[in-house]
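Shown below: start06.txt, with compact mmCIF, C-alpha atoms and all ligand atoms.
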```
# COMPACT_ATOMS: atom_id res chain seq x y z
CA MET A 27 0.00 0.00 0.00
CA ARG A 28 1.03 3.55 -0.65
CA VAL A 29 0.05 6.30 1.78
CA ILE A 30 0.50 9.83 0.49
CA LEU A 31 0.59 12.76 2.89
CA LEU A 32 -0.28 16.09 1.32
CA GLY A 33 -0.19 19.41 3.12
CA ALA A 34 1.52 22.77 3.24
CA PRO A 35 5.02 23.09 4.68
CA GLY A 36 4.62 22.93 8.47
CA SER A 37 1.32 21.07 8.34
CA GLY A 38 2.88 18.19 10.29
CA LYS A 39 3.41 15.62 7.52
CA GLY A 40 6.68 14.45 9.06
CA THR A 41 5.46 14.13 12.64
CA VAL A 42 2.14 12.57 11.72
CA GLY A 43 3.90 10.40 9.14
CA ASP A 44 6.08 8.97 11.90
CA ARG A 45 2.94 7.99 13.82
CA VAL A 46 1.53 6.33 10.69
CA SER A 47 4.84 4.53 10.27
CA GLU A 48 4.80 3.25 13.86
CA ALA A 49 1.22 2.08 13.45
CA THR A 50 1.63 0.31 10.12
CA GLY A 51 5.27 -0.77 10.14
CA PHE A 52 5.78 0.97 6.75
CA PRO A 53 8.71 3.37 6.38
CA ARG A 54 8.05 7.10 6.07
CA ILE A 55 9.89 8.31 3.00
CA SER A 56 10.50 12.04 2.86
CA THR A 57 11.95 13.41 -0.36
CA GLY A 58 13.01 16.51 1.61
CA ASP A 59 15.07 14.26 3.93
CA LEU A 60 16.55 12.37 0.95
CA LEU A 61 17.52 15.67 -0.66
CA ARG A 62 18.99 17.14 2.54
CA ASP A 63 21.02 13.96 2.96
CA ALA A 64 22.39 14.32 -0.59
CA VAL A 65 23.25 17.99 0.12
CA ARG A 66 24.99 17.05 3.39
CA LYS A 67 27.02 14.37 1.64
CA ASP A 68 27.81 16.86 -1.12
CA THR A 69 26.92 14.37 -3.88
CA PRO A 70 26.62 15.69 -7.47
CA LEU A 71 22.83 15.47 -7.13
CA GLY A 72 22.95 17.27 -3.78
CA ARG A 73 25.02 20.07 -5.29
CA ARG A 74 22.42 20.53 -8.04
CA ALA A 75 19.49 20.53 -5.60
CA LYS A 76 20.96 22.85 -2.98
CA ASP A 77 20.18 26.25 -4.54
CA GLN A 78 16.55 25.47 -5.32
CA MET A 79 15.98 24.19 -1.80
CA GLY A 80 17.56 27.29 -0.28
CA ARG A 81 15.23 29.50 -2.32
CA GLY A 82 12.06 27.62 -1.39
CA GLY A 83 11.32 26.36 -4.92
CA LEU A 84 10.99 22.82 -6.14
CA VAL A 85 13.98 20.72 -7.12
CA ASP A 86 14.02 19.35 -10.66
CA ASP A 87 11.52 16.46 -11.04
CA ALA A 88 14.13 14.14 -12.58
CA LEU A 89 16.54 14.56 -9.66
CA VAL A 90 13.88 13.87 -7.07
CA LEU A 91 12.61 10.89 -9.02
CA GLU A 92 16.11 9.41 -9.15
CA LEU A 93 16.44 9.59 -5.35
CA LEU A 94 12.92 8.30 -4.77
CA GLY A 95 13.33 5.40 -7.20
CA GLU A 96 16.42 4.21 -5.32
CA ARG A 97 14.68 4.50 -1.97
CA LEU A 98 11.55 2.64 -3.10
CA ALA A 99 13.69 -0.26 -4.30
CA ALA A 100 14.84 -0.96 -0.72
CA ALA A 101 13.45 -4.10 0.92
CA ASP A 102 11.62 -2.26 3.72
CA ALA A 103 9.38 -0.49 1.18
CA ARG A 104 8.22 -3.66 -0.53
CA ASP A 105 4.84 -4.06 1.22
CA GLY A 106 4.08 -0.40 1.66
CA TYR A 107 5.40 3.05 2.41
CA ILE A 108 4.33 6.50 3.44
CA LEU A 109 5.26 9.39 1.20
CA ASP A 110 5.95 12.73 2.87
CA GLY A 111 6.63 15.53 0.39
CA TYR A 112 6.07 13.57 -2.81
CA PRO A 113 4.34 14.18 -5.16
CA ARG A 114 4.70 17.96 -5.16
CA ASN A 115 3.16 18.65 -8.59
CA LEU A 116 0.95 16.94 -11.16
CA ASP A 117 3.83 15.55 -13.22
CA GLN A 118 5.24 13.87 -10.13
CA ALA A 119 1.84 12.37 -9.31
CA ARG A 120 1.63 10.82 -12.78
CA CYS A 121 5.23 9.68 -12.58
CA LEU A 122 4.57 7.91 -9.31
CA GLU A 123 1.93 5.74 -10.90
CA GLY A 124 4.35 4.72 -13.65
CA LEU A 125 7.20 4.26 -11.20
CA ASP A 126 5.59 1.88 -8.82
CA GLY A 127 2.64 0.35 -10.58
CA LYS A 128 -0.86 -0.06 -9.32
CA ARG A 129 -0.80 -0.16 -5.58
CA ALA A 130 -3.69 0.43 -3.23
CA GLU A 131 -3.34 4.10 -2.57
CA VAL A 132 -4.72 6.41 0.06
CA VAL A 133 -4.09 10.13 0.23
CA PHE A 134 -4.47 12.36 3.28
CA LEU A 135 -4.59 16.12 3.02
CA ILE A 136 -3.54 17.68 6.31
CA GLU A 137 -5.26 21.05 6.47
CA THR A 138 -3.80 23.81 8.63
CA GLY A 139 -4.24 27.55 9.01
CA GLU A 140 -1.41 29.70 7.65
CA ASP A 141 -0.70 31.26 11.07
CA VAL A 142 -0.26 27.77 12.56
CA VAL A 143 2.25 26.67 9.92
CA VAL A 144 4.28 29.87 10.13
CA GLU A 145 4.53 29.50 13.91
CA ARG A 146 5.53 25.84 13.60
CA LEU A 147 8.15 26.45 10.93
CA SER A 148 9.78 29.47 12.53
CA GLY A 149 10.02 27.62 15.87
CA ARG A 150 11.40 24.41 14.35
CA ARG A 151 14.93 23.39 15.30
CA VAL A 152 16.66 20.31 13.93
CA CYS A 153 19.63 18.23 14.93
CA PRO A 154 22.27 18.33 12.16
CA ASN A 155 23.72 15.10 13.50
CA CYS A 156 20.82 12.65 13.99
CA GLY A 157 17.95 14.49 12.27
CA ALA A 158 15.70 14.77 15.37
CA VAL A 159 13.16 17.59 15.07
CA TYR A 160 12.09 19.92 17.90
CA ASN A 161 10.05 23.08 18.35
CA LEU A 162 10.83 26.04 20.60
CA VAL A 163 7.21 26.14 21.78
CA THR A 164 5.60 22.75 21.30
CA LYS A 165 8.49 20.28 21.56
CA LYS A 166 11.26 21.67 23.72
CA THR A 167 14.54 19.93 24.42
CA ARG A 168 15.58 19.13 27.98
CA ARG A 169 18.65 21.40 27.65
CA GLU A 170 18.10 24.52 25.57
CA GLY A 171 19.53 24.19 22.07
CA ILE A 172 20.91 20.68 22.66
CA CYS A 173 19.57 17.52 21.04
CA ASP A 174 17.98 15.14 23.59
CA VAL A 175 18.98 12.12 21.49
CA CYS A 176 22.64 12.73 20.66
CA GLY A 177 23.75 15.94 22.43
CA ALA A 178 24.57 17.93 19.26
CA HIS A 179 23.80 21.66 18.99
CA LEU A 180 20.51 22.26 17.21
CA VAL A 181 20.20 24.47 14.13
CA GLN A 182 17.42 26.18 12.20
CA ARG A 183 16.84 24.81 8.71
CA GLU A 184 18.03 27.29 6.08
CA ASP A 185 14.60 27.20 4.47
CA ASP A 186 12.78 27.90 7.75
CA ARG A 187 13.84 31.56 7.58
CA PRO A 188 10.80 33.88 7.17
CA GLU A 189 11.52 34.99 3.59
CA VAL A 190 12.02 31.39 2.42
CA ILE A 191 8.92 30.22 4.31
CA ARG A 192 6.88 32.73 2.30
CA GLU A 193 8.30 31.38 -0.96
CA ARG A 194 7.66 27.76 0.09
CA MET A 195 4.03 28.65 0.81
CA ARG A 196 3.74 30.26 -2.63
CA THR A 197 5.27 27.17 -4.24
CA TYR A 198 2.80 25.00 -2.35
CA ARG A 199 -0.21 27.03 -3.46
CA THR A 200 0.77 27.20 -7.12
CA GLN A 201 2.31 23.76 -7.71
CA THR A 202 1.18 21.33 -5.04
CA GLU A 203 -2.38 22.41 -4.27
CA PRO A 204 -3.68 21.30 -7.71
CA LEU A 205 -3.00 17.75 -6.49
CA VAL A 206 -5.96 18.05 -4.14
CA ALA A 207 -8.40 18.18 -7.08
CA TYR A 208 -6.41 15.46 -8.87
CA TYR A 209 -6.70 12.96 -6.00
CA GLN A 210 -10.24 14.05 -5.18
CA ALA A 211 -11.27 13.16 -8.73
CA LYS A 212 -9.68 9.74 -8.31
CA GLY A 213 -11.64 9.27 -5.07
CA ASP A 214 -8.55 8.61 -2.95
CA LEU A 215 -8.46 11.78 -0.87
CA HIS A 216 -9.26 12.17 2.83
CA LYS A 217 -9.09 15.59 4.47
CA VAL A 218 -7.94 15.80 8.08
CA ASP A 219 -7.69 18.78 10.42
CA GLY A 220 -4.02 19.42 11.19
CA ASN A 221 -4.42 22.36 13.55
CA GLY A 222 -4.54 20.29 16.73
CA SER A 223 -2.15 17.86 18.40
CA VAL A 224 -0.37 15.03 16.59
CA GLU A 225 -2.77 12.52 18.12
CA GLU A 226 -5.80 14.55 17.04
CA THR A 227 -4.51 14.60 13.47
CA PHE A 228 -3.48 10.97 13.50
CA SER A 229 -6.74 9.60 14.90
CA PRO A 230 -8.93 9.99 11.75
CA ILE A 231 -6.04 8.74 9.60
CA LYS A 232 -5.82 5.62 11.72
CA SER A 233 -9.56 4.99 11.29
CA VAL A 234 -9.33 5.24 7.51
CA LEU A 235 -6.32 2.90 7.39
CA ALA A 236 -8.12 0.37 9.57
CA ARG A 237 -10.91 0.23 6.98
CA MET A 238 -8.54 -0.45 4.06
CA PRO A 239 -9.30 -3.79 2.38
CA ALA A 240 -7.42 -6.84 3.56
CA GLY A 241 -4.38 -7.56 1.41
CA SER A 242 -3.54 -3.91 0.91
CA GLY A 243 -0.72 -4.36 3.39
CA ARG A 244 -2.17 -2.22 6.16
CA VAL A 245 -2.18 -3.16 9.80
CA PRO A 246 -2.61 -0.17 12.10
CA ARG A 247 -1.23 -1.51 15.34
CA GLU A 248 -1.86 -0.05 18.77
CA ARG A 249 1.23 1.36 20.41
CA SER A 250 2.22 -0.60 23.50
P1 LIG A 301 10.42 19.35 2.80
O1 LIG A 301 11.38 18.79 3.81
O2 LIG A 301 9.42 18.34 2.32
O3 LIG A 301 9.78 20.63 3.27
O4 LIG A 301 11.29 19.72 1.50
C1 LIG A 301 12.31 20.67 1.57
C2 LIG A 301 12.64 21.15 0.17
O5 LIG A 301 13.12 20.05 -0.61
C3 LIG A 301 11.48 21.72 -0.60
O6 LIG A 301 11.24 23.10 -0.31
C4 LIG A 301 11.95 21.52 -2.05
O7 LIG A 301 12.92 22.48 -2.41
C5 LIG A 301 12.66 20.18 -1.95
N1 LIG A 301 11.73 19.05 -2.23
C6 LIG A 301 11.27 18.11 -1.35
N2 LIG A 301 10.46 17.23 -1.96
C7 LIG A 301 10.39 17.61 -3.26
C8 LIG A 301 9.71 17.12 -4.40
N3 LIG A 301 8.89 16.06 -4.33
N4 LIG A 301 9.89 17.77 -5.58
C9 LIG A 301 10.68 18.85 -5.69
N5 LIG A 301 11.36 19.38 -4.64
C10 LIG A 301 11.22 18.77 -3.43
```
Here is a file; write its structure as structure tokens.
Amino acid sequence: MRVILLGAPGSGKGTVGDRVSEATGFPRISTGDLLRDAVRKDTPLGRRAKDQMGRGGLVDDALVLELLGERLAAADARDGYILDGYPRNLDQARCLEGLDGKRAEVVFLIETGEDVVVERLSGRRVCPNCGAVYNLVTKKTRREGICDVCGAHLVQREDDRPEVIRERMRTYRTQTEPLVAYYQAKGDLHKVDGNGSVEETFSPIKSVLARMPAGSGRVPRERS
């Protein structure tokens, strides 16, 4: 099964996606994370993607597809996966169907107010070492500015600066939002309210997944 998480930057796709991953056992695959990893490792692909990411625009479809294709070929994605940040435009949505055949597919649109996402993004701090994500208001570290997991000093993502946030929102509205109508027309789309807590957002998603037909690879498990 393929779970697609749609939503503006800061809508909580990553955090909620981790809950979906825990519940289903499927990996969350974030093209943003794959790209940041390529930039960090200074690969040729990372060098080509870096400028676009820093400006808040979309990276070339072909580059993203190359990274995604490699990731989807890994054994842990065989039965299912959760896409966070892909597709980001209509061409990518069509590409995905060609790339990975006819899988049972369910799409969640996480809807959030613009003030909520701006607050979340500007307060986000990330660990450059282990990738853990925090928030100055909603998910504080035990020691200020220090990662709870590995002790590294936290940083702000380059593209979480206010001027880049504005551009990312524009990119979302012009390029990604048309996907809502696309998936709605296919009958795969479920809208969920993303303004509340992670659990409040996750709860309706969990109910939908629990109703997926047997054999689609879903098994929402209760957390112990
Ligand atoms: P994210 O972590 O999903 O917010 O992505 C961070 C940045 O990576 C975006 O602002 C884009 O520049 C780039 N990016 C991530 N996913 C895609 C994608 N599917 N297509 C094009 N660019 C992407």
Quick one: everything within 12 Å of Tyr208 (chain A), counting all atoms listed in the file, minus sequence neighbours fewer than 4 positions away in the same chain. Send it as a ChimeraX atom specification. /A:32,113-120,133,202-204,212-215
If you count only C-alpha atoms and all ligand atoms, which residues end up within 9 Å of ligand LIG 301 (chain A), as a VMD selection string?
chain A and resid 34 to 36 39 to 40 56 to 62 75 to 91 94 110 to 115 118 185 190 to 191 193 to 194 197 to 198
| query | Interatomic distance between CA of Gly139 (chain A) and CA of Asn221 (chain A)? | reply |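 The value is 6.9 Å.
Here CA of Gly157 (chain A) stands at a distance of 17.4 Å from CA of Glu48 (chain A).
Nearest residue to Ser37 (chain A), choosing from A:Val181, A:Val175, A:Val143, A:Val132 and counting all atoms listed in the file: A:Val143.
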